[in-house]
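Student: Pasting final17.cif below, which is mmCIF, C-alpha atoms.
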data_work
loop_
_atom_site.group_PDB
_atom_site.id
_atom_site.type_symbol
_atom_site.label_atom_id
_atom_site.label_comp_id
_atom_site.auth_asym_id
_atom_site.auth_seq_id
_atom_site.Cartn_x
_atom_site.Cartn_y
_atom_site.Cartn_z
ATOM 1 C CA MET A 60 -69.987 189.529 57.569
ATOM 2 C CA GLU A 61 -68.644 186.623 55.544
ATOM 3 C CA ARG A 62 -65.976 187.469 53.005
ATOM 4 C CA HIS A 63 -65.425 185.059 50.126
ATOM 5 C CA GLU A 64 -62.023 185.309 48.470
ATOM 6 C CA PRO A 65 -61.512 183.298 45.262
ATOM 7 C CA PRO A 66 -58.249 181.321 45.217
ATOM 8 C CA LEU A 67 -55.346 183.252 43.700
ATOM 9 C CA SER A 68 -55.169 180.762 40.846
ATOM 10 C CA THR A 69 -58.692 181.704 39.744
ATOM 11 C CA GLN A 70 -58.063 185.447 39.797
ATOM 12 C CA ARG A 71 -57.701 186.722 36.267
ATOM 13 C CA LEU A 72 -57.882 189.907 34.308
ATOM 14 C CA PHE A 73 -61.551 190.659 33.833
ATOM 15 C CA ARG A 74 -62.203 192.681 30.709
ATOM 16 C CA MET A 75 -65.683 193.979 31.476
ATOM 17 C CA VAL A 76 -67.548 195.057 34.615
ATOM 18 C CA VAL A 77 -71.332 194.938 35.038
ATOM 19 C CA LEU A 78 -73.017 196.573 38.031
ATOM 20 C CA ASP A 79 -76.564 196.418 39.327
ATOM 21 C CA ILE A 80 -77.961 199.815 40.337
ATOM 22 C CA ASP A 81 -80.363 199.686 43.292
ATOM 23 C CA GLY A 82 -78.786 198.188 46.397
ATOM 24 C CA THR A 83 -75.439 197.955 44.597
ATOM 25 C CA LEU A 84 -74.150 201.014 42.721
ATOM 26 C CA LEU A 85 -76.351 203.417 44.717
ATOM 27 C CA ASP A 86 -75.898 203.820 48.452
ATOM 28 C CA PRO A 87 -78.909 203.819 50.838
ATOM 29 C CA SER A 88 -79.586 207.482 50.001
ATOM 30 C CA ASP A 89 -79.636 206.646 46.263
ATOM 31 C CA VAL A 90 -76.397 208.388 45.313
ATOM 32 C CA VAL A 91 -73.119 207.148 43.831
ATOM 33 C CA ARG A 92 -70.400 207.768 46.405
ATOM 34 C CA PRO A 93 -67.119 209.401 45.314
ATOM 35 C CA VAL A 94 -65.010 206.299 46.034
ATOM 36 C CA VAL A 95 -67.301 204.195 43.835
ATOM 37 C CA ARG A 96 -67.233 206.813 41.090
ATOM 38 C CA ALA A 97 -63.424 206.867 41.238
ATOM 39 C CA ALA A 98 -63.154 203.083 40.984
ATOM 40 C CA ILE A 99 -65.415 203.057 37.908
ATOM 41 C CA ALA A 100 -63.313 205.798 36.316
ATOM 42 C CA GLU A 101 -60.106 203.848 36.928
ATOM 43 C CA CYS A 102 -61.587 200.711 35.336
ATOM 44 C CA ARG A 103 -62.417 202.715 32.241
ATOM 45 C CA GLN A 104 -58.948 204.269 32.181
ATOM 46 C CA LEU A 105 -57.543 200.736 32.104
ATOM 47 C CA GLY A 106 -59.698 200.000 29.068
ATOM 48 C CA VAL A 107 -62.176 197.838 31.001
ATOM 49 C CA PRO A 108 -65.724 198.820 29.938
ATOM 50 C CA VAL A 109 -68.310 199.260 32.689
ATOM 51 C CA ALA A 110 -72.010 198.595 32.092
ATOM 52 C CA LEU A 111 -75.124 198.784 34.260
ATOM 53 C CA ALA A 112 -77.719 195.990 34.468
ATOM 54 C CA THR A 113 -80.983 196.842 36.187
ATOM 55 C CA GLY A 114 -84.670 196.114 36.451
ATOM 56 C CA ARG A 115 -85.355 199.793 35.794
ATOM 57 C CA ARG A 116 -86.685 201.172 32.524
ATOM 58 C CA LEU A 117 -84.618 203.590 30.452
ATOM 59 C CA CYS A 118 -86.272 206.806 31.653
ATOM 60 C CA ALA A 119 -85.636 205.811 35.285
ATOM 61 C CA THR A 120 -81.990 204.978 34.551
ATOM 62 C CA ARG A 121 -81.030 208.164 32.714
ATOM 63 C CA PRO A 122 -80.667 210.131 36.005
ATOM 64 C CA VAL A 123 -78.054 207.606 37.175
ATOM 65 C CA LEU A 124 -76.075 208.072 33.963
ATOM 66 C CA ALA A 125 -76.401 211.832 34.395
ATOM 67 C CA GLU A 126 -75.045 211.595 37.944
ATOM 68 C CA LEU A 127 -72.110 209.509 36.744
ATOM 69 C CA GLY A 128 -71.584 211.741 33.722
ATOM 70 C CA LEU A 129 -70.822 208.653 31.629
ATOM 71 C CA PRO A 130 -72.633 207.074 28.643
ATOM 72 C CA LEU A 131 -72.409 203.542 30.039
ATOM 73 C CA PRO A 132 -74.002 200.632 28.133
ATOM 74 C CA LEU A 133 -77.245 199.493 29.759
ATOM 75 C CA VAL A 134 -79.098 196.238 30.287
ATOM 76 C CA LEU A 135 -82.602 197.359 31.276
ATOM 77 C CA VAL A 136 -85.856 195.761 32.455
ATOM 78 C CA ASN A 137 -83.893 192.693 33.627
ATOM 79 C CA GLY A 138 -82.509 192.075 30.136
ATOM 80 C CA ALA A 139 -85.616 192.763 28.060
ATOM 81 C CA LEU A 140 -83.951 195.897 26.653
ATOM 82 C CA VAL A 141 -80.262 196.413 25.829
ATOM 83 C CA TRP A 142 -79.273 200.033 25.188
ATOM 84 C CA ASP A 143 -76.266 201.728 23.623
ATOM 85 C CA ALA A 144 -76.083 205.011 25.551
ATOM 86 C CA GLU A 145 -73.439 206.536 23.279
ATOM 87 C CA ARG A 146 -75.449 206.054 20.099
ATOM 88 C CA GLU A 147 -78.811 206.356 21.845
ATOM 89 C CA GLU A 148 -80.169 203.213 20.235
ATOM 90 C CA ALA A 149 -81.558 199.850 21.247
ATOM 91 C CA LEU A 150 -79.378 196.808 20.619
ATOM 92 C CA ALA A 151 -82.115 194.346 21.552
ATOM 93 C CA GLU A 152 -85.714 194.484 22.748
ATOM 94 C CA ARG A 153 -87.541 191.290 23.766
ATOM 95 C CA PRO A 154 -91.268 191.677 24.482
ATOM 96 C CA LEU A 155 -93.633 189.007 25.724
ATOM 97 C CA ALA A 156 -95.596 187.124 23.080
ATOM 98 C CA ARG A 157 -99.392 187.127 23.174
ATOM 99 C CA GLN A 158 -99.580 183.610 24.646
ATOM 100 C CA ALA A 159 -97.179 184.510 27.467
ATOM 101 C CA LEU A 160 -99.099 187.695 28.261
ATOM 102 C CA ALA A 161 -102.361 185.789 28.399
ATOM 103 C CA ARG A 162 -100.860 183.154 30.685
ATOM 104 C CA ALA A 163 -99.399 185.711 33.110
ATOM 105 C CA LEU A 164 -102.647 187.652 33.350
ATOM 106 C CA ALA A 165 -104.688 184.468 33.753
ATOM 107 C CA GLU A 166 -102.544 183.569 36.754
ATOM 108 C CA ALA A 167 -103.037 187.088 38.138
ATOM 109 C CA GLU A 168 -106.799 186.696 37.857
ATOM 110 C CA ARG A 169 -106.688 183.237 39.445
ATOM 111 C CA GLU A 170 -104.851 184.545 42.541
ATOM 112 C CA GLY A 171 -106.457 188.013 42.760
ATOM 113 C CA LEU A 172 -103.225 189.846 41.955
ATOM 114 C CA GLY A 173 -102.743 193.321 40.577
ATOM 115 C CA ALA A 174 -100.791 193.718 37.336
ATOM 116 C CA LEU A 175 -98.788 196.486 35.718
ATOM 117 C CA ALA A 176 -97.440 196.223 32.156
ATOM 118 C CA LEU A 177 -94.372 198.086 30.910
ATOM 119 C CA ARG A 178 -94.355 198.803 27.187
ATOM 120 C CA GLY A 179 -91.277 199.264 25.004
ATOM 121 C CA LEU A 180 -89.482 202.223 23.509
ATOM 122 C CA ALA A 181 -91.771 202.723 20.524
ATOM 123 C CA SER A 182 -94.639 203.332 22.954
ATOM 124 C CA GLY A 183 -92.584 205.680 25.119
ATOM 125 C CA GLU A 184 -92.131 203.128 27.900
ATOM 126 C CA ARG A 185 -95.773 203.584 28.851
ATOM 127 C CA LEU A 186 -96.999 201.943 32.036
ATOM 128 C CA VAL A 187 -100.361 200.190 31.818
ATOM 129 C CA LEU A 188 -102.421 199.349 34.889
ATOM 130 C CA VAL A 189 -104.313 196.190 33.947
ATOM 131 C CA THR A 190 -107.987 196.391 34.857
ATOM 132 C CA ASP A 191 -111.081 194.252 34.292
ATOM 133 C CA PRO A 192 -111.299 191.461 35.340
ATOM 134 C CA LEU A 193 -108.308 192.043 37.630
ATOM 135 C CA PRO A 194 -108.909 193.681 41.028
ATOM 136 C CA ALA A 195 -109.026 197.494 41.046
ATOM 137 C CA LEU A 196 -106.626 197.890 44.022
ATOM 138 C CA PRO A 197 -107.428 201.616 44.460
ATOM 139 C CA GLU A 198 -105.053 201.940 47.413
ATOM 140 C CA PHE A 199 -102.242 200.585 45.249
ATOM 141 C CA GLU A 200 -102.994 203.067 42.478
ATOM 142 C CA ARG A 201 -103.092 205.977 44.928
ATOM 143 C CA GLU A 202 -99.571 205.172 46.041
ATOM 144 C CA LEU A 203 -98.234 204.258 42.596
ATOM 145 C CA LEU A 204 -99.375 207.221 40.519
ATOM 146 C CA PRO A 205 -97.375 209.938 42.323
ATOM 147 C CA ARG A 206 -94.204 207.879 41.860
ATOM 148 C CA THR A 207 -94.539 206.705 38.272
ATOM 149 C CA GLY A 208 -96.371 209.537 36.559
ATOM 150 C CA GLU A 209 -99.180 209.036 34.084
ATOM 151 C CA LEU A 210 -100.642 205.547 33.685
ATOM 152 C CA ASP A 211 -102.794 204.016 30.994
ATOM 153 C CA ARG A 212 -105.592 201.724 32.102
ATOM 154 C CA LEU A 213 -106.565 198.815 29.908
ATOM 155 C CA PRO A 214 -108.576 195.615 30.419
ATOM 156 C CA VAL A 215 -106.869 192.253 30.179
ATOM 157 C CA ALA A 216 -108.156 191.594 26.647
ATOM 158 C CA ALA A 217 -106.536 194.787 25.343
ATOM 159 C CA VAL A 218 -103.233 194.207 27.143
ATOM 160 C CA VAL A 219 -102.926 190.715 25.674
ATOM 161 C CA ASP A 220 -102.991 192.276 22.191
ATOM 162 C CA LEU A 221 -100.155 194.737 22.874
ATOM 163 C CA PRO A 222 -97.069 193.824 20.816
ATOM 164 C CA ASP A 223 -94.413 195.540 22.946
ATOM 165 C CA VAL A 224 -94.852 194.581 26.614
ATOM 166 C CA LEU A 225 -91.381 194.058 28.101
ATOM 167 C CA THR A 226 -92.553 192.901 31.512
ATOM 168 C CA ILE A 227 -95.700 192.215 33.463
ATOM 169 C CA ASP A 228 -95.311 193.091 37.145
ATOM 170 C CA LEU A 229 -97.640 191.139 39.402
ATOM 171 C CA PHE A 230 -98.481 192.479 42.861
ATOM 172 C CA GLY A 231 -100.045 190.754 45.852
ATOM 173 C CA PRO A 232 -99.534 188.959 49.157
ATOM 174 C CA GLU A 233 -96.423 186.786 49.012
ATOM 175 C CA ARG A 234 -98.142 183.398 49.218
ATOM 176 C CA ALA A 235 -100.631 184.128 46.455
ATOM 177 C CA LEU A 236 -97.920 185.693 44.313
ATOM 178 C CA ARG A 237 -95.569 182.738 44.656
ATOM 179 C CA ARG A 238 -98.322 180.268 43.796
ATOM 180 C CA ALA A 239 -98.869 182.150 40.540
ATOM 181 C CA THR A 240 -95.200 182.597 39.718
ATOM 182 C CA ALA A 241 -94.374 178.957 40.413
ATOM 183 C CA ARG A 242 -96.822 177.969 37.691
ATOM 184 C CA LEU A 243 -95.434 180.619 35.336
ATOM 185 C CA ALA A 244 -91.877 179.424 35.946
ATOM 186 C CA ARG A 245 -92.904 175.856 35.124
ATOM 187 C CA ALA A 246 -94.328 177.237 31.867
ATOM 188 C CA GLY A 247 -90.885 178.630 31.004
ATOM 189 C CA LEU A 248 -91.379 182.312 31.879
ATOM 190 C CA PRO A 249 -88.537 183.951 33.842
ATOM 191 C CA VAL A 250 -89.783 185.439 37.124
ATOM 192 C CA TYR A 251 -87.923 187.691 39.582
ATOM 193 C CA HIS A 252 -89.387 188.428 43.021
ATOM 194 C CA HIS A 253 -88.981 191.519 45.204
ATOM 195 C CA GLY A 254 -90.652 192.225 48.467
ATOM 196 C CA PRO A 255 -92.345 193.507 50.326
ATOM 197 C CA PHE A 256 -93.079 196.308 47.861
ATOM 198 C CA GLU A 257 -91.238 199.168 49.546
ATOM 199 C CA LEU A 258 -93.300 201.943 47.975
ATOM 200 C CA ILE A 259 -96.366 200.830 49.941
ATOM 201 C CA PRO A 260 -95.051 199.674 53.339
ATOM 202 C CA ALA A 261 -98.535 199.591 54.819
ATOM 203 C CA LEU A 262 -99.623 196.882 52.371
ATOM 204 C CA PRO A 263 -98.324 193.298 52.590
ATOM 205 C CA ARG A 264 -97.658 193.168 48.867
ATOM 206 C CA TRP A 265 -94.784 191.648 46.942
ATOM 207 C CA VAL A 266 -93.930 192.172 43.298
ATOM 208 C CA ALA A 267 -92.745 189.729 40.646
ATOM 209 C CA ASN A 268 -91.378 190.727 37.236
ATOM 210 C CA VAL A 269 -92.484 188.293 34.513
ATOM 211 C CA HIS A 270 -90.575 188.223 31.211
ATOM 212 C CA ALA A 271 -90.389 186.480 27.868
ATOM 213 C CA PRO A 272 -88.618 183.101 27.840
ATOM 214 C CA GLY A 273 -84.846 183.447 27.966
ATOM 215 C CA VAL A 274 -84.821 187.045 29.219
ATOM 216 C CA SER A 275 -82.386 187.761 32.049
ATOM 217 C CA LYS A 276 -79.607 190.139 32.915
ATOM 218 C CA ALA A 277 -77.240 187.396 31.737
ATOM 219 C CA SER A 278 -78.814 187.300 28.273
ATOM 220 C CA GLY A 279 -78.590 191.085 27.995
ATOM 221 C CA VAL A 280 -74.986 191.260 29.186
ATOM 222 C CA GLU A 281 -74.080 188.516 26.723
ATOM 223 C CA ILE A 282 -75.218 190.822 23.905
ATOM 224 C CA LEU A 283 -73.079 193.665 25.247
ATOM 225 C CA ALA A 284 -70.051 191.432 25.791
ATOM 226 C CA ARG A 285 -70.136 190.216 22.191
ATOM 227 C CA ARG A 286 -69.907 193.822 20.991
ATOM 228 C CA PHE A 287 -66.577 194.081 22.800
ATOM 229 C CA GLY A 288 -65.398 190.726 21.458
ATOM 230 C CA LEU A 289 -65.889 189.144 24.883
ATOM 231 C CA THR A 290 -67.909 186.374 26.538
ATOM 232 C CA LEU A 291 -69.590 186.183 29.929
ATOM 233 C CA GLU A 292 -66.438 184.500 31.234
ATOM 234 C CA ASP A 293 -64.660 187.836 30.795
ATOM 235 C CA VAL A 294 -67.202 189.655 32.976
ATOM 236 C CA LEU A 295 -67.066 190.637 36.632
ATOM 237 C CA ALA A 296 -70.677 191.115 37.783
ATOM 238 C CA VAL A 297 -71.870 192.685 41.047
ATOM 239 C CA GLY A 298 -75.427 192.609 42.379
ATOM 240 C CA ASP A 299 -77.709 192.086 45.347
ATOM 241 C CA GLY A 300 -81.047 190.660 44.210
ATOM 242 C CA GLU A 301 -82.855 187.647 42.828
ATOM 243 C CA ASN A 302 -82.880 189.254 39.384
ATOM 244 C CA ASP A 303 -79.054 189.368 39.523
ATOM 245 C CA LEU A 304 -78.655 185.621 40.070
ATOM 246 C CA PRO A 305 -78.682 184.506 36.399
ATOM 247 C CA LEU A 306 -75.818 186.923 35.733
ATOM 248 C CA LEU A 307 -73.902 186.148 38.933
ATOM 249 C CA ARG A 308 -74.035 182.443 38.080
ATOM 250 C CA ARG A 309 -72.847 182.850 34.474
ATOM 251 C CA ALA A 310 -70.299 185.657 34.803
ATOM 252 C CA GLY A 311 -66.621 184.898 35.091
ATOM 253 C CA LEU A 312 -66.941 186.078 38.695
ATOM 254 C CA GLY A 313 -70.259 186.811 40.373
ATOM 255 C CA VAL A 314 -69.968 189.102 43.390
ATOM 256 C CA ALA A 315 -72.801 189.626 45.899
ATOM 257 C CA MET A 316 -73.162 192.748 47.970
ATOM 258 C CA GLY A 317 -73.086 192.386 51.745
ATOM 259 C CA ASN A 318 -76.658 193.721 51.894
ATOM 260 C CA ALA A 319 -77.903 190.946 49.586
ATOM 261 C CA PRO A 320 -80.214 188.265 51.031
ATOM 262 C CA ASP A 321 -78.588 185.107 52.353
ATOM 263 C CA TYR A 322 -79.691 183.020 49.370
ATOM 264 C CA VAL A 323 -78.052 185.460 46.933
ATOM 265 C CA ARG A 324 -74.794 185.609 48.881
ATOM 266 C CA ALA A 325 -74.734 181.810 49.060
ATOM 267 C CA GLN A 326 -74.816 181.522 45.249
ATOM 268 C CA ALA A 327 -72.139 184.138 44.554
ATOM 269 C CA ASP A 328 -68.446 183.457 43.975
ATOM 270 C CA ALA A 329 -67.479 186.272 46.348
ATOM 271 C CA VAL A 330 -69.107 188.655 48.834
ATOM 272 C CA VAL A 331 -68.085 192.249 49.510
ATOM 273 C CA ARG A 332 -69.258 194.965 51.880
ATOM 274 C CA GLY A 333 -72.758 196.408 51.565
ATOM 275 C CA HIS A 334 -73.861 199.418 49.549
ATOM 276 C CA ASP A 335 -73.669 201.469 52.745
ATOM 277 C CA GLU A 336 -69.937 200.665 52.945
ATOM 278 C CA ASP A 337 -68.819 201.163 49.344
ATOM 279 C CA GLY A 338 -69.009 197.468 48.435
ATOM 280 C CA VAL A 339 -68.768 198.198 44.705
ATOM 281 C CA ALA A 340 -65.477 200.022 45.221
ATOM 282 C CA GLU A 341 -64.201 197.023 47.196
ATOM 283 C CA ALA A 342 -65.212 194.611 44.428
ATOM 284 C CA LEU A 343 -63.568 196.668 41.697
ATOM 285 C CA GLU A 344 -60.384 197.150 43.707
ATOM 286 C CA ARG A 345 -59.998 193.477 44.678
ATOM 287 C CA PHE A 346 -61.031 191.778 41.474
ATOM 288 C CA VAL A 347 -60.268 194.247 38.678
ATOM 289 C CA LEU A 348 -57.949 197.091 39.572
ATOM 290 C CA GLU A 349 -55.411 195.273 41.745
ATOM 291 C CA PRO A 350 -55.013 192.310 39.337
ATOM 292 C CA TRP A 351 -54.533 194.705 36.409
ATOM 293 C CA ARG A 352 -51.979 196.777 38.345
ATOM 294 C CA ARG A 353 -50.117 193.618 39.311
ATOM 295 C CA ALA A 354 -50.102 192.374 35.716
ATOM 296 C CA ARG A 355 -48.756 195.686 34.448
ATOM 297 C CA PHE A 356 -46.051 195.721 37.111
ATOM 298 C CA LEU A 357 -44.937 192.195 36.154
ATOM 299 C CA ALA A 358 -45.074 192.847 32.419
#
Take the structure in the file and write it out as structure tokens.

Tutor:
Amino acid sequence: MERHEPPLSTQRLFRMVVLDIDGTLLDPSDVVRPVVRAAIAECRQLGVPVALATGRRLCATRPVLAELGLPLPLVLVNGALVWDAEREEALAERPLARQALARALAEAEREGLGALALRGLASGERLVLVTDPLPALPEFERELLPRTGELDRLPVAAVVDLPDVLTIDLFGPERALRRATARLARAGLPVYHHGPFELIPALPRWVANVHAPGVSKASGVEILARRFGLTLEDVLAVGDGENDLPLLRRAGLGVAMGNAPDYVRAQADAVVRGHDEDGVAEALERFVLEPWRRARFLA
């Protein structure tokens, strides 16, 4: 596996760490390994705050915080929600406007895609399966319901009027999905692709998260960094997916996991081992802990 090492002259004392969750913090069995947990604890002991940035919603991220036993700051839903876990309050929430919702659902109808809307905190993070005139996709719903819990079902016209939709997830075959998302991206809506949809391996479906203009993990982390008196240049970010790229590009150092796709690794400043080989611990040791130890020794 390639191993990118930034020149010594560019290595500096990062003052904040931001970690993706799935495919990064969690190993292939969806647990945080002891060596990763220890590296996070040492960062915090040094006074370097650690935050998580994920596409997950809050209720799906709480178990990770419980496993870590730490009230880490959170950037959720790819930056649409920023959460202070110590105070249990939202720092920012950025829903899609009516026009953006209408455009996303019009593209779904045009390409025969399924759509799922995620509502904000005031609505209890309700999931809404978008119906008429979108396709019913009964096989998709059969697989989705056991994994997500209760779903609301609303027609397109009702979803467009919702004031608190943080993301519209579009589902379908990759070609049809990318035709739709290319048009949405040209209209200024951030889009992040994942695929094939691992919850339904029998179906050739991909998923794309569609957000309000300007929403990304980078925008969410920027809000958190300001609360610590920092900028994105002070941040070490680690991730593995397309939705991590805005943050990896803008962070002081963007680190890709070894299990990341080629195009993600190619755009990162450094590459570490995969999540099956404690890549997060490697990143924290190389780029945060060792530089801080060296600086303290020389002080």

Student: Can you measure atom CA of A:Val314 to atom CA of A:Phe73 for me? One decimal in Å is fine.

Tutor: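 If I compute the distance from atom CA of A:Val314 to atom CA of A:Phe73, I get 12.8 Å.
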
Student: Please return as a PyMOL selection string every residue within 9 Å of (-77.7, 203.8, 41.0), taking into account all atoms listed in the file and the file's own coordinates.

Tutor: chain A and resi 79-86+89-91+111+120+122-124+126

Student: Quick one, how far is atom CA of A:Ala216 from atom CA of A:Gly231?

Tutor: 20.9 Å

Student: Can you list what the PyMOL selection byres ((chain A and resi 178) around 9) grabs from this structure, as a list in words?

Tutor: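 With the PyMOL selection byres ((chain A and resi 178) around 9) on this model, the match is Pro154, Ala176, Leu177, Gly179, Leu180, Ala181, Ser182, Gly183, Glu184, Arg185, Leu186, Val187, Leu221, Pro222, Asp223, Val224, Leu225 and Thr226 of chain A.
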
Student: Mind pulling up the distance from atom CA of A:Lys276 to atom CA of A:Asp303?

Tutor: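 Rounded to one decimal, the two atoms are 6.7 Å apart.
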
Student: Under the PyMOL selection byres ((chain A and resi 208-212) around 10), which residues of this model are included? Write them out as an MDAnalysis selection string.

Tutor: chainID A and resid 175:176 185:191 200 203:207 213:215 217:218
